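One structure is given here, and the rest of the page talks about it.
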Amino acid sequence: MGLFRELQSEIEKRSLSSGGWPGGNGGRAGIETTCYALMALGDHQGPFRQKAMDVLLSTQNPDGSWPAFEGDDPEGCWATALAVITLRFVQSPLPPIERALRWLLNNKGREGHWFWNWKFRTVDRGVQFNPDKYGWSWFPGTVSWVIPTAFSLIALKQSFPCCRTERVVNRIQLGTEMLRDRACPQGGWNAGNGIVFGAVLTPHIDTTAIALLALTEDYRQPSTLQALNWLRQTCVECSSVYSLAWSAVALLIHQDRLADLCTARLRRALSSNRPIANVETLCLAAIAINAAGGSANPFQVVI
Amino acid sequence: MNRRNWLIASAAVTGSAVTMRFQPQKYSRDLRPKRSRVAVLHADQYSGKLDELVYDGLRPFNLNVRGKSVLLKPNLVEYISGRPVNTDTQLIGAAAEAFLRVGAASVTVAEGPGHHRDTDLLLYETGLSDQLAHRKIPFVDLNRDELIKTKLQANYSGLGHLWLPRTVLASDFIVSMPKVKTHHWTGVTLSMKNMFGIVPGCRYGWPKNVLHWAGIHECVLDICATVRPHFVIADGIVGMEGDGPLKGTAKELHTILLGDDPVAADSILARLLGSEPYAIRHIQEAGRFIGNHQGVVL
């Protein structure tokens with residue numbers, strides 16, 4: 001049995017009896033983890049996949065959004081974008097996806113509102129960013145952050161590969177500009193901003209990789225090139241399975257020359273850490289290894 | 001002051017007093033102990049000697065932890081080489097050892113880092129994974145723990161409830177282990193502000209931006225009213241001053257503060273950083289129902 005199949009088998013073993021996968025130690029299905037698990041299982045048919053699909057579809061809120069986990073308050077969150085990417089990947093029926101896209105298009109970081117835009121321009125200048133460029137927040141009512149924006153951009157780009165309405169074009173443009181605006185000076189991305197109170201923040205590997213997934217169409221932009229360069233240098237010294245998996249997925253999508261090296265490092269790290277790795281990490285490793293073998297990458301945006 | 005201004009000022013004062021009088025009390029329980037105790041230990045550096053120092057410092061408190069599950073909540077935000085933003089790992093290890101020696105049935109270290117989603121990488125970079133593996137102490141990532149919907153026992157933020165990690169709620173004895181730092185928004189970040197870290201990222205984001213918008217001081221009060229730390233071990237051997245939680249310079253304070261009241265502990269620590277505790281909103285207000293501003297120094 002190959003490594004990918006071993007990982008799939010391990011993921012299936014950790015499924016909740018009620019369906020789906022928990023975020024960590026929990027007994028409830030986490031939407032993020034369940035999405036990664038469905039991506040990792042791909043078209044591998046079985047009861048775990050079907051039960052997880054049932055959980056994912058049944059947890060969608062009436063407004064089209066997804067909560068963070070099964071049983072959560074029905075206010076919707078960033079996991080909505082991830083659910084859209086997942087449902088597209090597993091070729092689910094379209095109505096839930098369409099409802100989710102409407103929710104995504106109606107949501108924006110708080111700085112997108114004129115009042116908060118004005119506040120960030122005039123009074124609240126501690127964090128340097130351009131509030132005209134906004135994306136998506138982790139949860140409604142808060143400002144834009146890199147990861148929710150990157151996932152939302154991927155969901156929109158995959159859902160509207162052509163014939164984009166003005167609204168979709170505008171949100172993709174704004175979100176992309178927001179990512180460029182918030183990049184760290186040395187390349188890559190921290191959670192939200194590159195400079196806070198005058199201090200240059202260090203990029204994070206996973207955040208940088210996820211942002212790069214959303215910027216495949218912008219591969220000639222300086223911020224994308226700088227981020228790729230930073231990721232190449234950093235991932236070769238990284239030992240974390242989670243960060244290596246994200247790096248491999250991003251480098252593969254960008255057809256980067258270091259993608260193979262990164263995947264080899266991931267395999268090595270996995271062999272020593274696998275017994276303690278959480279489900280999320282296992283799923284991401286499986287997605288990366290499968291994509292490295294030439295299979296479909298769930299985060300691929302068709303240009 | 002002319003008559004007109006005097007009348008306006010009087011009306012404002014009276015209005016405020018009336019508003020305060022009729023404002024509903026924002027907390028449901030008075031958690032203040034009859035007396036609060038603190039111990040200020042001197043330590044020049046982080047070393048293996050901390051094991052004995054913390055154990056000796058803990059014993060006079062005569063804590064009732066025998067057979068109980070103890071949860072240590074350090075402050076791990078982000079790894080920035082050369083900048084003391086996190087609780088030192090040797091102190092965390094020493095605290096874990098000390099609680100086991102005084103009879104705790106189990107000790108768990110738990111944290112939900114505010115910025116970093118890759119908790120394993122953060123533990124590796126800070127050296128905490130090695131420290132805990134060496135001592136066989138488990139770690140729980142609170143950002144991804146099982147969550148329980150919990151009614152807040154105070155209502156400063158207006159949030160009403162939070163989803164909180166089962167590991168925290170199920171622990172018998174919670175120890176807040178802050179890094180002694182100044183903070184851009186809250187003045188200081190000490191044992192009460194450190195409890196922000198129990199709020200799970202998977203439900204509130206990285207960072208926990210929902211809490212920022214609801215008010216940091218207000219959320220600190222609501223969280224500590226709901227999950228009051230039983231004990232404090234503060235890392236002030238090397239603290240940080242400046243625009244915390246991430247930007248700042250090292251400040252050698254050569255101090256570890258132990259205390260059985262987070263309000264008393266934070267009041268002393270704030271002064272150590274050159275701040276007036278009554279000027280820090282959450283410390284000042286916490287004196288009304290979470291703990292005492294004054295403590296007996298052991």
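Every chain in the structure tokens takes a letter, A first, then B, and so on in the order presented; its residues are numbered from 1, and the ligands are numbered from 1 following the presented order.
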| Counting only C-alpha atoms, chain A residues within 7 Å of chain B, as a list in words | Gly23, Gly24, Asn25, Gly26, Gly27, Ala68, Trp138, Phe139, Thr142, Ala191, Phe197, Ala199, Ser240, Tyr242 and Ser243 of chain A
Keeping only C-alpha atoms, write the selected residues as a PDB file, in the first residue's frame.
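Dumped everything to out-v7.pdb:
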```pdb
ATOM      1  CA  GLY A  23     -11.113  19.758  14.466  1.00  0.00           C
ATOM      2  CA  GLY A  24      -8.928  18.390  17.246  1.00  0.00           C
ATOM      3  CA  ASN A  25      -9.935  16.430  20.312  1.00  0.00           C
ATOM      4  CA  GLY A  26     -13.594  17.116  19.839  1.00  0.00           C
ATOM      5  CA  GLY A  27     -16.604  14.941  19.265  1.00  0.00           C
ATOM      6  CA  ALA A  68     -17.235  26.536  12.200  1.00  0.00           C
ATOM      7  CA  TRP A 138     -12.750  34.997   9.778  1.00  0.00           C
ATOM      8  CA  PHE A 139     -16.165  35.896  11.192  1.00  0.00           C
ATOM      9  CA  THR A 142     -14.471  41.872  11.879  1.00  0.00           C
ATOM     10  CA  ALA A 191      -1.911  36.593   9.711  1.00  0.00           C
ATOM     11  CA  PHE A 197       3.103  49.560  15.216  1.00  0.00           C
ATOM     12  CA  ALA A 199       7.433  46.515  13.626  1.00  0.00           C
ATOM     13  CA  SER A 240       6.380  20.728  10.548  1.00  0.00           C
ATOM     14  CA  TYR A 242       1.354  20.930   8.504  1.00  0.00           C
ATOM     15  CA  SER A 243       3.458  23.770   7.069  1.00  0.00           C
TER      16      SER A 243
END
```
| query | Which residues in range 74-271 of chain B does DSSP call alpha helix (DSSP H)? List them as number ranges by chain. | reply | B: 89-101, 119-126, 128-135, 166-169, 201-204, 209-214, 216-226, 262-271
| 12 Å contact set for Ile11 in chain A, only C-alpha atoms, chain neighbours under 3 positions out, as number ranges by chain | A: 4-8, 14-16, 20-22, 33-34, 36-41, 44, 48-49, 52, 274-275, 277-287
Residues from the last selection, C-alpha atoms, saved as a PDB file, in the first residue's frame:
```pdb
ATOM      1  CA  PHE A   4      -1.213   8.129  -0.003  1.00  0.00           C
ATOM      2  CA  ARG A   5      -3.465   5.107   0.489  1.00  0.00           C
ATOM      3  CA  GLU A   6      -2.048   4.607   3.996  1.00  0.00           C
ATOM      4  CA  LEU A   7      -2.919   8.198   4.830  1.00  0.00           C
ATOM      5  CA  GLN A   8      -6.422   7.799   3.427  1.00  0.00           C
ATOM      6  CA  ARG A  14     -10.381   8.756  12.587  1.00  0.00           C
ATOM      7  CA  SER A  15     -13.823   9.589  11.230  1.00  0.00           C
ATOM      8  CA  LEU A  16     -16.559  10.287  13.769  1.00  0.00           C
ATOM      9  CA  GLY A  20     -17.240  13.985   9.432  1.00  0.00           C
ATOM     10  CA  TRP A  21     -14.022  14.684  11.293  1.00  0.00           C
ATOM     11  CA  PRO A  22     -13.397  16.718  14.455  1.00  0.00           C
ATOM     12  CA  THR A  33     -11.265  19.406   8.956  1.00  0.00           C
ATOM     13  CA  THR A  34     -14.151  17.669   7.235  1.00  0.00           C
ATOM     14  CA  TYR A  36      -9.771  18.708   4.057  1.00  0.00           C
ATOM     15  CA  ALA A  37     -10.706  15.073   4.704  1.00  0.00           C
ATOM     16  CA  LEU A  38     -13.137  15.039   1.783  1.00  0.00           C
ATOM     17  CA  MET A  39     -10.445  16.562  -0.433  1.00  0.00           C
ATOM     18  CA  ALA A  40      -7.985  13.914   0.761  1.00  0.00           C
ATOM     19  CA  LEU A  41     -10.407  11.064   0.120  1.00  0.00           C
ATOM     20  CA  HIS A  44     -12.348   7.130  -2.955  1.00  0.00           C
ATOM     21  CA  PHE A  48     -16.982   7.624   5.507  1.00  0.00           C
ATOM     22  CA  ARG A  49     -17.061   9.877   2.475  1.00  0.00           C
ATOM     23  CA  ALA A  52     -19.130  13.299   5.717  1.00  0.00           C
ATOM     24  CA  ARG A 274       2.624  10.641  11.790  1.00  0.00           C
ATOM     25  CA  PRO A 275       1.539   8.912  15.018  1.00  0.00           C
ATOM     26  CA  ALA A 277      -0.305  14.281  13.736  1.00  0.00           C
ATOM     27  CA  ASN A 278      -3.884  15.541  13.947  1.00  0.00           C
ATOM     28  CA  VAL A 279      -6.461  14.734  11.251  1.00  0.00           C
ATOM     29  CA  GLU A 280      -6.147  18.133   9.612  1.00  0.00           C
ATOM     30  CA  THR A 281      -2.417  17.657   9.168  1.00  0.00           C
ATOM     31  CA  LEU A 282      -2.854  14.103   7.836  1.00  0.00           C
ATOM     32  CA  CYS A 283      -5.432  15.317   5.321  1.00  0.00           C
ATOM     33  CA  LEU A 284      -3.232  18.142   4.073  1.00  0.00           C
ATOM     34  CA  ALA A 285      -0.295  15.754   3.741  1.00  0.00           C
ATOM     35  CA  ALA A 286      -2.473  13.366   1.715  1.00  0.00           C
ATOM     36  CA  ILE A 287      -3.674  16.212  -0.546  1.00  0.00           C
TER      37      ILE A 287
END
```
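Summary of the local environment: counting only C-alpha atoms, residues at most 10 Å from Gly215 in chain B, other than itself and those fewer than 4 positions away along its chain, are Tyr156, Ser157, Gly158, Trp185, Thr186, Asn209, Val210, Leu211, Cys219 and Val220 of chain B.
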| What does the distance between CA of Gly109 in chain A and CA of Leu244 in chain A come to in Å, to one decimal place? |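 Going from CA of Gly109 in chain A over to CA of Leu244 in chain A, I get 28.9 Å.
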| query | Can you tell me how far CA of Thr207 in chain A sits from CA of Pro200 in chain B, in Å to one decimal? | reply |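 It comes out at 18.1 Å.
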